[in-house]
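> My structure is in query29.cif, and what it holds is mmCIF, C-alpha atoms and all ligand atoms:
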data_my_file
#
loop_
_atom_site.label_atom_id
_atom_site.label_comp_id
_atom_site.auth_asym_id
_atom_site.auth_seq_id
_atom_site.Cartn_x
_atom_site.Cartn_y
_atom_site.Cartn_z
CA MET W 1 142.54 -0.91 61.50
CA LYS W 2 144.91 1.86 60.46
CA THR W 3 145.26 0.39 56.98
CA ILE W 4 141.52 0.35 56.54
CA PHE W 5 141.39 3.98 57.55
CA TYR W 6 144.16 4.80 55.08
CA PHE W 7 142.36 2.94 52.33
CA LEU W 8 138.82 4.15 52.91
CA VAL W 9 139.13 7.61 54.34
CA PHE W 10 142.19 9.74 54.33
CA PRO W 11 144.65 9.41 51.54
CA GLY W 12 142.52 6.71 49.98
CA PHE W 13 138.97 6.51 48.75
CA LEU W 14 137.03 9.38 50.29
CA PHE W 15 139.76 11.99 50.14
CA ALA W 16 140.86 11.10 46.62
CA LEU W 17 137.28 11.01 45.42
CA ILE W 18 136.53 14.46 46.78
CA VAL W 19 139.75 15.92 45.37
CA GLY W 20 138.99 14.17 42.10
CA MET W 21 135.51 15.65 41.93
CA VAL W 22 136.87 19.12 42.56
CA ALA W 23 139.53 18.50 39.90
CA SER W 24 136.89 17.30 37.49
CA TYR W 25 134.84 20.40 38.20
CA ILE W 26 137.90 22.56 37.53
CA GLU W 27 138.45 20.66 34.31
CA ARG W 28 134.93 21.18 33.06
CA LYS W 29 134.82 24.78 34.20
CA VAL W 30 138.13 25.72 32.59
CA THR W 31 137.08 23.92 29.40
CA ALA W 32 133.88 25.90 29.42
CA ARG W 33 135.71 29.17 29.99
CA VAL W 34 138.14 28.38 27.18
CA GLN W 35 135.15 27.92 24.93
CA TRP W 36 133.60 31.12 26.28
CA ARG W 37 130.78 29.31 28.04
CA VAL W 38 129.61 29.48 31.64
CA GLY W 39 130.09 25.85 32.54
CA PRO W 40 128.51 23.53 35.10
CA PRO W 41 127.87 24.25 38.79
CA ILE W 42 130.46 23.13 41.32
CA LEU W 43 128.45 20.14 42.51
CA GLN W 44 128.00 18.77 38.99
CA PRO W 45 130.43 15.80 39.33
CA TRP W 46 128.65 14.84 42.55
CA TYR W 47 125.23 15.02 40.89
CA ASP W 48 126.49 12.91 37.98
CA LEU W 49 127.79 10.26 40.33
CA LEU W 50 124.70 10.27 42.51
CA LYS W 51 122.48 9.99 39.48
CA LEU W 52 124.42 7.05 38.09
CA PHE W 53 123.93 5.21 41.35
CA THR W 54 120.18 5.70 41.27
CA LYS W 55 119.79 4.32 37.78
CA GLU W 56 119.47 0.70 36.82
CA SER W 57 122.31 -1.28 35.28
CA VAL W 58 121.71 -3.09 32.04
CA VAL W 59 123.89 -6.12 31.34
CA PRO W 60 124.07 -7.17 27.70
CA GLU W 61 122.84 -10.66 26.98
CA ASN W 62 126.07 -11.95 25.42
CA ALA W 63 128.44 -10.33 27.86
CA HIS W 64 130.72 -12.37 30.08
CA LEU W 65 128.90 -11.74 33.31
CA LEU W 66 131.67 -12.03 35.91
CA THR W 67 134.21 -9.99 33.96
CA PHE W 68 131.62 -7.44 33.03
CA LEU W 69 130.61 -6.91 36.65
CA ALA W 70 134.05 -7.18 38.26
CA THR W 71 136.13 -4.88 36.06
CA PRO W 72 134.53 -1.54 37.08
CA VAL W 73 135.03 -2.36 40.74
CA LEU W 74 138.62 -3.47 40.16
CA PHE W 75 139.23 -0.32 38.17
CA MET W 76 138.12 1.80 41.09
CA VAL W 77 139.93 -0.25 43.72
CA SER W 78 143.27 -0.16 41.93
CA ALA W 79 142.93 3.58 41.39
CA THR W 80 142.19 3.95 45.09
CA LEU W 81 145.25 1.90 46.00
CA VAL W 82 147.42 4.23 43.94
CA ALA W 83 145.87 7.18 45.72
CA MET W 84 146.47 5.53 49.06
CA TYR W 85 150.15 4.76 48.50
CA ALA W 86 150.93 8.09 46.89
CA GLY W 87 149.06 9.89 49.66
CA MET W 88 150.62 7.87 52.47
CA ALA W 89 154.13 8.79 51.38
CA PHE W 90 153.17 12.43 51.52
CA PHE W 91 150.89 12.65 54.55
CA PHE W 92 152.18 9.80 56.72
CA PRO W 93 155.87 9.28 55.85
CA ASP W 94 156.22 6.82 58.74
CA ALA W 95 153.64 4.46 57.37
CA ALA W 96 155.18 4.33 53.90
CA PHE W 97 157.57 1.54 52.95
CA GLN W 98 160.60 0.99 50.74
CA GLY W 99 159.80 0.38 47.10
CA ASP W 100 156.36 1.97 46.97
CA LEU W 101 157.40 3.67 43.74
CA ILE W 102 157.47 0.30 42.00
CA VAL W 103 154.16 -0.72 43.58
CA ILE W 104 152.49 2.47 42.36
CA VAL W 105 153.87 2.11 38.85
CA TYR W 106 152.55 -1.43 38.66
CA LEU W 107 149.20 -0.50 40.16
CA LEU W 108 148.86 2.23 37.55
CA THR W 109 148.76 -0.40 34.82
CA ILE W 110 145.76 -2.16 36.34
CA PRO W 111 143.07 0.40 35.41
CA PRO W 112 143.90 0.20 31.68
CA ILE W 113 143.89 -3.58 31.90
CA CYS W 114 140.47 -3.47 33.52
CA LEU W 115 139.29 -1.23 30.74
CA ILE W 116 140.61 -3.65 28.12
CA LEU W 117 138.90 -6.60 29.82
CA ALA W 118 135.69 -4.62 30.21
CA GLY W 119 135.66 -3.74 26.56
CA ALA W 120 136.36 -7.30 25.53
CA ALA W 121 133.72 -8.70 27.87
CA SER W 122 130.84 -6.51 26.84
CA ALA W 123 130.14 -8.15 23.48
CA ASN W 124 129.89 -4.99 21.48
CA PRO W 125 131.93 -4.29 18.35
CA LEU W 126 132.64 -0.70 19.33
CA ALA W 127 133.66 -1.79 22.82
CA SER W 128 136.13 -4.31 21.44
CA LEU W 129 137.47 -1.63 19.15
CA GLY W 130 137.92 0.53 22.22
CA ALA W 131 139.70 -2.33 23.98
CA SER W 132 142.06 -2.85 21.08
CA ARG W 133 142.84 0.85 20.93
CA GLU W 134 143.45 0.90 24.67
CA ILE W 135 145.97 -1.94 24.24
CA LYS W 136 147.81 0.10 21.62
CA LEU W 137 147.73 3.15 23.84
CA VAL W 138 149.18 1.22 26.78
CA LEU W 139 151.85 -0.26 24.52
CA SER W 140 152.82 3.20 23.39
CA TYR W 141 153.16 5.06 26.66
CA GLU W 142 154.28 2.37 29.08
CA LEU W 143 157.82 2.18 27.69
CA VAL W 144 158.37 5.92 28.04
CA PHE W 145 156.85 5.86 31.51
CA TRP W 146 159.30 3.25 32.74
CA MET W 147 162.18 5.18 31.21
CA THR W 148 161.20 8.31 33.12
CA ILE W 149 160.97 6.27 36.32
CA ALA W 150 164.44 4.92 35.54
CA VAL W 151 165.71 8.50 35.24
CA ILE W 152 164.32 9.20 38.70
CA TRP W 153 165.96 6.10 40.03
CA VAL W 154 169.35 7.00 38.61
CA LYS W 155 169.14 10.66 39.59
CA THR W 156 168.29 9.97 43.21
CA GLY W 157 171.01 7.37 43.55
CA GLY W 158 168.88 4.24 43.53
CA GLU W 159 165.96 5.42 45.64
CA LEU W 160 162.72 3.49 45.28
CA SER W 161 160.83 5.03 48.14
CA LEU W 162 158.62 8.03 47.51
CA VAL W 163 159.45 9.60 50.86
CA ASN W 164 163.18 9.59 50.18
CA ILE W 165 162.66 10.84 46.63
CA MET W 166 160.63 13.75 47.96
CA ASN W 167 163.34 14.55 50.50
CA LYS W 168 166.06 14.81 47.85
CA PRO W 169 166.38 18.01 45.80
CA PRO W 170 163.75 17.96 43.03
CA VAL W 171 164.81 15.88 40.04
CA MET W 172 163.38 18.49 37.72
CA TYR W 173 166.28 20.92 38.15
CA SER W 174 168.75 19.06 36.00
CA TYR W 175 169.00 18.40 32.27
CA SER W 176 167.97 14.77 32.43
CA GLY W 177 165.25 15.40 35.01
CA GLY W 178 163.90 18.33 32.99
CA ILE W 179 163.51 16.17 29.88
CA ALA W 180 162.04 13.31 31.89
CA SER W 181 159.50 15.52 33.62
CA VAL W 182 158.26 16.85 30.28
CA LEU W 183 157.95 13.29 29.02
CA ALA W 184 156.05 12.40 32.16
CA LEU W 185 153.50 15.08 31.29
CA PHE W 186 152.86 13.31 27.98
CA VAL W 187 152.48 10.01 29.79
CA MET W 188 150.14 11.54 32.33
CA GLN W 189 147.94 12.91 29.57
CA ALA W 190 147.83 9.48 27.95
CA LYS W 191 147.19 7.67 31.20
CA LEU W 192 144.29 9.96 31.96
CA GLY W 193 142.94 9.30 28.47
CA ARG W 194 142.62 13.00 27.72
CA VAL W 195 142.86 14.60 24.30
CA PRO W 196 145.15 14.19 22.25
CA PHE W 197 145.42 10.63 23.54
CA ASP W 198 141.74 9.85 23.97
CA ILE W 199 141.83 7.38 21.09
CA ALA W 200 140.42 4.63 23.28
CA GLU W 201 137.37 6.66 24.28
CA ALA W 202 136.88 8.80 21.21
CA GLU W 203 133.30 9.91 21.85
CA THR W 204 132.84 11.00 18.27
CA GLU W 205 134.26 7.88 16.61
CA ILE W 206 133.57 4.84 18.73
CA MET W 207 131.09 6.25 21.25
CA ALA W 208 133.11 6.02 24.47
CA GLY W 209 134.76 2.74 23.45
CA ALA W 210 134.99 0.26 26.29
CA TYR W 211 132.41 2.14 28.37
CA ILE W 212 129.71 1.87 25.76
CA GLU W 213 127.72 -0.98 27.32
CA TYR W 214 128.06 0.19 30.90
CA SER W 215 125.21 1.92 32.63
CA GLY W 216 124.05 2.95 36.07
CA PRO W 217 126.15 1.97 39.11
CA LEU W 218 128.69 0.05 37.01
CA LEU W 219 129.41 3.17 35.00
CA GLY W 220 129.46 5.00 38.31
CA PHE W 221 132.35 2.83 39.50
CA PHE W 222 134.27 3.67 36.35
CA LYS W 223 133.52 7.35 36.88
CA MET W 224 134.75 7.17 40.46
CA GLY W 225 137.92 5.48 39.30
CA GLN W 226 138.46 8.20 36.75
CA TYR W 227 137.94 10.93 39.32
CA ILE W 228 140.41 9.24 41.64
CA LEU W 229 142.97 8.88 38.88
CA LEU W 230 142.51 12.51 37.95
CA ALA W 231 143.21 13.38 41.56
CA THR W 232 146.15 11.05 41.92
CA LEU W 233 148.25 11.24 38.78
CA PRO W 234 149.16 14.94 38.98
CA PHE W 235 149.84 14.33 42.67
CA PHE W 236 152.17 11.44 41.91
CA ILE W 237 153.98 13.14 39.03
CA SER W 238 154.44 16.26 41.11
CA SER W 239 155.78 14.32 44.07
CA ILE W 240 158.40 12.42 42.10
CA PHE W 241 159.56 15.19 39.79
CA TRP W 242 158.79 18.46 41.48
CA GLY W 243 159.96 17.41 44.91
CA GLY W 244 156.68 17.16 46.78
CA VAL W 245 153.20 18.48 46.35
CA ASN W 246 151.42 21.66 47.26
CA VAL W 247 148.24 23.21 46.02
CA PHE W 248 150.00 25.41 43.47
CA LYS W 249 151.98 22.60 41.89
CA TYR W 250 148.91 20.42 41.79
CA VAL W 251 146.68 23.02 40.19
CA ALA W 252 149.46 23.96 37.75
CA LEU W 253 149.72 20.35 36.57
CA LEU W 254 145.96 20.09 36.33
CA VAL W 255 145.73 23.25 34.28
CA ILE W 256 148.45 21.98 31.95
CA VAL W 257 146.41 18.82 31.39
CA ILE W 258 143.27 20.85 30.74
CA LEU W 259 144.87 23.36 28.39
CA VAL W 260 146.57 20.66 26.35
CA GLU W 261 143.24 18.88 26.22
CA ASN W 262 141.50 21.95 24.89
CA THR W 263 143.99 23.00 22.28
CA ASN W 264 144.78 19.75 20.53
CA PRO W 265 143.00 17.44 18.11
CA ARG W 266 142.84 13.70 18.72
CA LEU W 267 145.78 11.71 17.35
CA LYS W 268 145.30 8.68 15.17
CA VAL W 269 146.35 5.35 16.67
CA LYS W 270 149.33 5.20 14.34
CA GLN W 271 150.44 8.73 15.12
CA CYS W 272 150.20 8.07 18.82
CA LEU W 273 152.41 4.99 18.57
CA LYS W 274 154.87 6.86 16.38
CA LEU W 275 155.01 9.80 18.74
CA PHE W 276 155.78 7.67 21.75
CA TRP W 277 158.12 5.12 20.21
CA PHE W 278 160.09 7.13 17.70
CA ILE W 279 160.14 10.60 19.20
CA LEU W 280 159.62 10.40 22.94
CA PHE W 281 161.40 7.12 23.55
CA PRO W 282 164.74 8.28 22.02
CA LEU W 283 164.36 11.46 24.08
CA SER W 284 163.90 9.42 27.22
CA LEU W 285 166.97 7.39 26.27
CA VAL W 286 168.91 10.63 25.99
CA ALA W 287 167.60 11.66 29.39
CA LEU W 288 168.65 8.36 30.89
CA ILE W 289 172.15 8.62 29.43
CA LEU W 290 172.45 12.18 30.72
CA ALA W 291 171.32 10.98 34.14
CA VAL W 292 173.89 8.20 34.17
CA VAL W 293 176.59 10.70 33.19
CA GLY W 294 175.40 12.84 36.05
CA LEU W 295 173.85 15.86 34.37
CA MET L 1 116.17 12.36 48.43
CA ASN L 2 113.99 11.74 45.48
CA LYS L 3 115.61 9.74 42.68
CA LEU L 4 114.11 11.75 39.88
CA LYS L 5 115.11 14.99 41.53
CA ILE L 6 118.76 13.99 41.25
CA LEU L 7 118.20 12.85 37.70
CA SER L 8 116.88 16.26 36.79
CA LYS L 9 120.19 17.86 37.81
CA SER L 10 122.31 15.81 35.47
CA ILE L 11 120.52 14.89 32.28
CA TRP L 12 122.65 13.04 29.78
CA VAL L 13 121.05 13.18 26.39
CA PHE L 14 121.19 10.60 23.65
CA HIS L 15 120.23 11.90 20.26
CA PHE L 16 118.26 9.61 17.99
CA ALA L 17 118.01 11.10 14.52
CA SER L 18 115.65 9.20 12.31
CA ALA L 19 115.85 10.70 8.86
CA ALA L 20 115.65 14.23 10.13
CA CYS L 21 116.21 16.88 7.50
CA ASN L 22 119.26 17.91 9.54
CA ASN L 23 117.91 21.27 10.60
CA CYS L 24 116.76 19.79 13.88
CA ASP L 25 120.17 18.26 14.51
CA ILE L 26 121.94 21.53 13.86
CA GLU L 27 119.65 23.28 16.33
CA ILE L 28 120.51 20.69 18.97
CA LEU L 29 124.16 21.55 18.56
CA ASP L 30 123.20 25.20 18.86
CA VAL L 31 122.11 24.84 22.45
CA LEU L 32 125.55 23.52 23.38
CA THR L 33 127.28 26.59 22.00
CA PRO L 34 128.42 29.51 24.20
CA ARG L 35 125.30 31.58 23.64
CA PHE L 36 122.93 29.04 25.17
CA ASP L 37 125.27 26.58 26.95
CA VAL L 38 122.99 23.95 28.46
CA GLU L 39 125.93 22.43 30.34
CA ARG L 40 125.01 24.99 33.00
CA PHE L 41 122.14 22.66 33.89
CA GLY L 42 124.27 19.52 33.69
CA VAL L 43 123.00 18.56 30.26
CA LYS L 44 125.52 16.64 28.22
CA LEU L 45 125.36 14.76 24.93
CA VAL L 46 126.40 11.11 25.16
CA GLY L 47 127.08 8.64 22.40
CA SER L 48 125.62 5.50 23.92
CA ILE L 49 122.00 4.85 24.88
CA LYS L 50 123.26 2.97 27.97
CA HIS L 51 124.53 6.22 29.44
CA ALA L 52 121.43 8.21 28.61
CA ASP L 53 118.81 9.73 30.88
CA ALA L 54 116.91 11.34 28.08
CA MET L 55 116.39 10.34 24.49
CA LEU L 56 115.92 13.14 22.03
CA VAL L 57 114.11 11.91 18.96
CA SER L 58 114.21 14.07 15.89
CA GLY L 59 113.01 13.49 12.36
CA MET L 60 110.22 11.49 10.85
CA MET L 61 109.71 7.97 12.09
CA ASN L 62 109.48 5.63 9.16
CA ARG L 63 108.89 1.92 9.31
CA LYS L 64 112.57 1.03 9.62
CA GLY L 65 113.39 3.71 12.13
CA ALA L 66 110.47 2.72 14.36
CA GLU L 67 111.96 -0.71 15.01
CA PHE L 68 115.28 0.76 16.05
CA LEU L 69 113.58 3.29 18.25
CA LYS L 70 111.65 0.57 20.06
CA ASP L 71 114.83 -1.47 20.46
CA LEU L 72 116.79 1.44 21.85
CA TYR L 73 114.03 2.31 24.26
CA ASP L 74 113.99 -1.23 25.59
CA GLN L 75 117.76 -1.28 26.00
CA ALA L 76 118.01 2.00 27.85
CA PRO L 77 118.41 1.98 31.63
CA LYS L 78 115.27 3.42 33.21
CA PRO L 79 114.18 6.02 34.25
CA LEU L 80 114.40 7.52 30.80
CA ALA L 81 112.75 10.67 29.53
CA VAL L 82 111.80 10.71 25.87
CA ILE L 83 111.58 14.02 24.08
CA ALA L 84 109.95 14.34 20.70
CA PHE L 85 111.90 17.02 18.94
CA GLY L 86 110.48 19.10 16.12
CA SER L 87 107.18 18.83 14.38
CA CYS L 88 108.25 15.74 12.44
CA ALA L 89 108.68 13.68 15.57
CA SER L 90 105.89 15.28 17.59
CA SER L 91 103.19 14.95 14.99
CA MET L 92 104.03 13.99 11.47
CA GLY L 93 105.18 17.30 10.17
CA MET L 94 105.39 17.95 6.49
CA PHE L 95 105.95 14.30 5.67
CA LYS L 96 102.47 13.32 6.75
CA VAL L 97 101.44 12.03 3.35
CA SER L 98 104.69 10.19 2.67
CA TYR L 99 104.51 6.71 1.14
CA ASN L 100 106.58 4.94 3.80
CA ARG L 101 104.02 5.25 6.56
CA VAL L 102 105.30 7.97 8.83
CA ILE L 103 104.23 7.53 12.46
CA PRO L 104 104.53 10.02 15.32
CA VAL L 105 106.91 8.97 18.07
CA ASP L 106 104.28 8.75 20.81
CA GLU L 107 102.57 5.88 19.04
CA ILE L 108 105.74 3.80 19.45
CA ILE L 109 107.08 4.71 22.89
CA PRO L 110 105.82 6.90 25.75
CA VAL L 111 106.90 10.50 25.31
CA THR L 112 107.69 12.81 28.23
CA ALA L 113 107.82 16.15 26.47
CA TYR L 114 107.23 17.63 23.06
CA ILE L 115 109.26 20.44 21.56
CA PRO L 116 107.36 22.03 18.69
CA GLY L 117 108.89 23.90 15.80
CA CYS L 118 110.33 23.20 12.40
CA PRO L 119 113.11 23.37 13.48
CA PRO L 120 112.58 24.47 17.10
CA ARG L 121 114.52 27.55 18.14
CA PRO L 122 117.17 27.08 20.88
CA GLU L 123 114.91 28.99 23.27
CA ALA L 124 112.18 26.46 22.60
CA ILE L 125 114.65 23.66 23.28
CA ILE L 126 115.64 25.16 26.62
CA ASP L 127 111.94 25.54 27.38
CA GLY L 128 111.61 21.84 26.58
CA ILE L 129 114.44 21.00 28.97
CA VAL L 130 112.72 23.03 31.68
CA LYS L 131 109.53 21.09 31.01
CA VAL L 132 111.34 17.78 31.36
CA VAL L 133 113.04 18.89 34.57
CA LYS L 134 109.73 20.04 36.03
CA LYS L 135 108.05 16.81 35.05
CA LEU L 136 110.85 14.74 36.60
CA ARG L 137 110.56 16.72 39.82
CA GLY L 138 106.82 16.18 39.81
CA GLU L 139 105.96 19.86 39.56
CA ILE L 140 103.66 19.42 36.58
S1 LIG X 301 110.82 19.17 12.19
FE1 LIG X 301 111.34 20.40 10.43
S2 LIG X 301 113.49 20.85 10.73
FE2 LIG X 301 113.02 19.12 12.04
S3 LIG X 301 113.49 17.32 10.84
FE3 LIG X 301 111.32 17.76 10.51
S4 LIG X 301 111.27 19.01 8.67
FE4 LIG X 301 113.38 19.03 9.43
#
Show me this structure written as structure tokens.
Ligand code: SF4


Amino acid sequence: MKTIFYFLVFPGFLFALIVGMVASYIERKVTARVQWRVGPPILQPWYDLLKLFTKESVVPENAHLLTFLATPVLFMVSATLVAMYAGMAFFFPDAAFQGDLIVIVYLLTIPPICLILAGAASANPLASLGASREIKLVLSYELVFWMTIAVIWVKTGGELSLVNIMNKPPVMYSYSGGIASVLALFVMQAKLGRVPFDIAEAETEIMAGAYIEYSGPLLGFFKMGQYILLATLPFFISSIFWGGVNVFKYVALLVIVILVENTNPRLKVKQCLKLFWFILFPLSLVALILAVVGL
Amino acid sequence: MNKLKILSKSIWVFHFASAACNNCDIEILDVLTPRFDVERFGVKLVGSIKHADAMLVSGMMNRKGAEFLKDLYDQAPKPLAVIAFGSCASSMGMFKVSYNRVIPVDEIIPVTAYIPGCPPRPEAIIDGIVKVVKKLRGEI
């Protein structure tokens, strides 16, 4: 009973969705202000979602039906699970368990996998292009992400529980933790699929990539998943690196994401891979060595 | 709550340019710029017809373009508003006597609103959006 409540209402679905919609509104509004526009009204994300659920869904004739229909739902559910575990550690420390860090990190790889499957299942050349680009994106950032998690693990003396990590002094205030937290910002940007790492969506090149064939409620599930991820990732990054979450830290991270998004051009696939593997990965290695040495 | 009422608050627009002379397309981009900023009304350009709530058709419909237009209209998730943009698409514009059989859009698919002009001014485009919104809400 309690678990269902956690999943559906408080740290999970409903709460994360609402926070995500507010975050998405902030994103669009700040973007608009950066471009000297007025921007959408505050309820715009809600209207978008509501509208998508009133429209009909078109399934392409050649698509693999089961995969095509299941992936948006899985996308949203896995995002919700991340929100639930990350939220539980913060709001209900008693209900959290040992090793939820690992669970969250694994769960965070499921949405991209869903996206890849969705793109491959929708029988559209641009969608498969989007899927292939998403694979390359995942390949690039995942290594660095695990390295930053390893830095956390070493710095906190082998802690794998979010609650205990949050109770220790913030990892950020050390050389290794400082480097790792900057790297984590890159990874967060890539995981959210925001510019400069929006190569898999690339509205102007491949027309939203894997999402291209989705419409109506199915697209709505993807949108909900994205909102939830937008709510959760800054939350998660802030709780492991900045020693817990509060509104200021959360909004600061969000604004970093938005400003980077608005001031950078999209990277090419090759550049993205190069950036992560040959620049950020050695840096993360340095951070790990520093952490092992105890700096 | 009425379905179409919600739709009118978040119109995602797909732009179908069939051999427009490019002035129309530039004017469409104009309404997204800071001076006019149609995102205030939830209007957004999307790249895929599957995401669209409104199809903006600009340019002269020739025989080849007409087939694609029909195809796209059939593929789009309904309800879909179709807007004929510019005099080329609304009537036949200055290409009326062209050899490749120019046809107005409303002879191919049902059109919700017309935006006249060659090219229409941004104000006329916003007026067109208002017309579409009113029509979706059932006010006209
Ligand atoms: S209506 Fe005028 S501006 Fe628009 S495509 Fe036709 S000729 Fe060009």

> Please put the answer as AutoDock Vina command-line options: centre and edge lengths, in Å with one decimal, of a box along x, y and z that encloses all listed atoms of range 32-50 of chain L plus 3 Å on each side.


--center_x 125.2 --center_y 17.3 --center_z 27.9 --size_x 12.4 --size_y 34.6 --size_z 17.9

> When you count only C-alpha atoms, which of these residues is closest to Thr33 in chain L: L:Ile83, L:Val133, L:Met55, L:Pro122?

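Selected residue with least distance to Thr33 in chain L: L:Pro122.
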
> For each of L:Glu67, L:Lys78, L:Phe14, L:Ala19, take the minimum atom-to-atom distance to chain W, counting all atoms listed in the file, then give the residue where this is smallest.

L:Lys78

> 7 Å from ligand LIG 301 (chain X) is the threshold here; counting all atoms listed in the file, which polymer residues fall inside it? Answer as a compact mmCIF listing (two decimals) with C-alpha atoms, in the coordinates of the input.


# COMPACT_ATOMS: atom_id res chain seq x y z
CA ALA L 20 115.65 14.23 10.13
CA CYS L 21 116.21 16.88 7.50
CA ASN L 22 119.26 17.91 9.54
CA ASN L 23 117.91 21.27 10.60
CA CYS L 24 116.76 19.79 13.88
CA SER L 58 114.21 14.07 15.89
CA GLY L 59 113.01 13.49 12.36
CA MET L 60 110.22 11.49 10.85
CA GLY L 86 110.48 19.10 16.12
CA SER L 87 107.18 18.83 14.38
CA CYS L 88 108.25 15.74 12.44
CA ALA L 89 108.68 13.68 15.57
CA GLY L 93 105.18 17.30 10.17
CA MET L 94 105.39 17.95 6.49
CA GLY L 117 108.89 23.90 15.80
CA CYS L 118 110.33 23.20 12.40
CA PRO L 119 113.11 23.37 13.48

> Could you jot down the CA of Lys168 in chain W to CA of Val255 in chain W separation for me, Å, one decimal place?

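Atom-to-atom, CA of Lys168 in chain W to CA of Val255 in chain W, that is 25.9 Å.
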
> Using all atoms listed in the file, determine which residues of chain L fall within 10 Å of chain W; present them as number ranges by chain.

L: 2-12, 32-43, 45-53, 75-80

> Could you give me, as a compact mmCIF listing (two decimals) with C-alpha atoms, in the frame of the given file, the residues that sit within 10 Å of (113.5, 3.0, 22.6) in the file's coordinates, counting all atoms listed in the file?


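Result file point-v3.txt:
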# COMPACT_ATOMS: atom_id res chain seq x y z
CA PHE L 16 118.26 9.61 17.99
CA ILE L 49 122.00 4.85 24.88
CA MET L 55 116.39 10.34 24.49
CA VAL L 57 114.11 11.91 18.96
CA ALA L 66 110.47 2.72 14.36
CA GLU L 67 111.96 -0.71 15.01
CA PHE L 68 115.28 0.76 16.05
CA LEU L 69 113.58 3.29 18.25
CA LYS L 70 111.65 0.57 20.06
CA ASP L 71 114.83 -1.47 20.46
CA LEU L 72 116.79 1.44 21.85
CA TYR L 73 114.03 2.31 24.26
CA ASP L 74 113.99 -1.23 25.59
CA GLN L 75 117.76 -1.28 26.00
CA ALA L 76 118.01 2.00 27.85
CA LEU L 80 114.40 7.52 30.80
CA VAL L 82 111.80 10.71 25.87
CA VAL L 105 106.91 8.97 18.07
CA ILE L 108 105.74 3.80 19.45
CA ILE L 109 107.08 4.71 22.89
CA PRO L 110 105.82 6.90 25.75

> Name the closest residue to Met188 in chain W among the candidates W:Val163, W:Val260, W:Ile42, W:Met76; distances are taken between atoms, counting all atoms listed in the file.

W:Val260

> Could you tell me which of W:Lys274, W:Lys249, W:His64, W:Arg194 comes closest to Glu261 in chain W if we count only C-alpha atoms?

W:Arg194

> Quick one: everything within 8 Å of Phe281 in chain W, counting all atoms listed in the file, minus sequence neighbours fewer than 5 positions away in the same chain. Send it as a PyMOL selection string.

chain W and resi 143-144+147+276
